[in-house]
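Contents: one structure, followed by commentary.
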Amino acid sequence: MLLFLLEESERSRDDLVSVLGTENLVDNILNGQEKINTEQAPKLGEFFHIESSLFIE
């Protein structure tokens, strides 16, 4: 879903780095090696202007 949101909003991986903190973390999340946690979800929700619970599995 995160890749879809990036595409649809015409934002980049670098924009996510500014939200989540590190390139390594963003890469791990985008590659499915790490899940979005409860601290990151609200930041992403605000960034994409959607409900943060959509990021929590």
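To be explicit about the labels: the chains of the structure tokens are called A, B, and onward in the order shown, and within each one the residues are counted from 1, while ligands get numbers from 1 in the order they are shown.
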I'd like the contact shell of stretch 31-44 of chain A - 7 Å cut-off, only C-alpha atoms, skipping same-chain residues fewer than 3 positions apart - returned as a list in words. Val19, Leu20, Asp27, Asn28, Phe47, Phe48, Ser52, Ser53, Phe55 and Ile56 of chain A
Please extract the residues of chain A with a backbone DSSP assignment of alpha helix (DSSP H) and present them as number ranges by chain. A: 2-9, 13-20, 23-30, 40-48
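Our summary of the geometry notes that atom CA of A:Asn24 is positioned 22.8 Å from atom CA of A:Glu8.
Between atom CA of A:Asp15 and atom CA of A:Leu30 there is a distance of 13.0 Å.
Shortest separation to A:Val26 among A:Ser9, A:Asp14, A:Leu54, A:Met1 occurs at residue A:Asp14, atoms counted being only C-alpha atoms.
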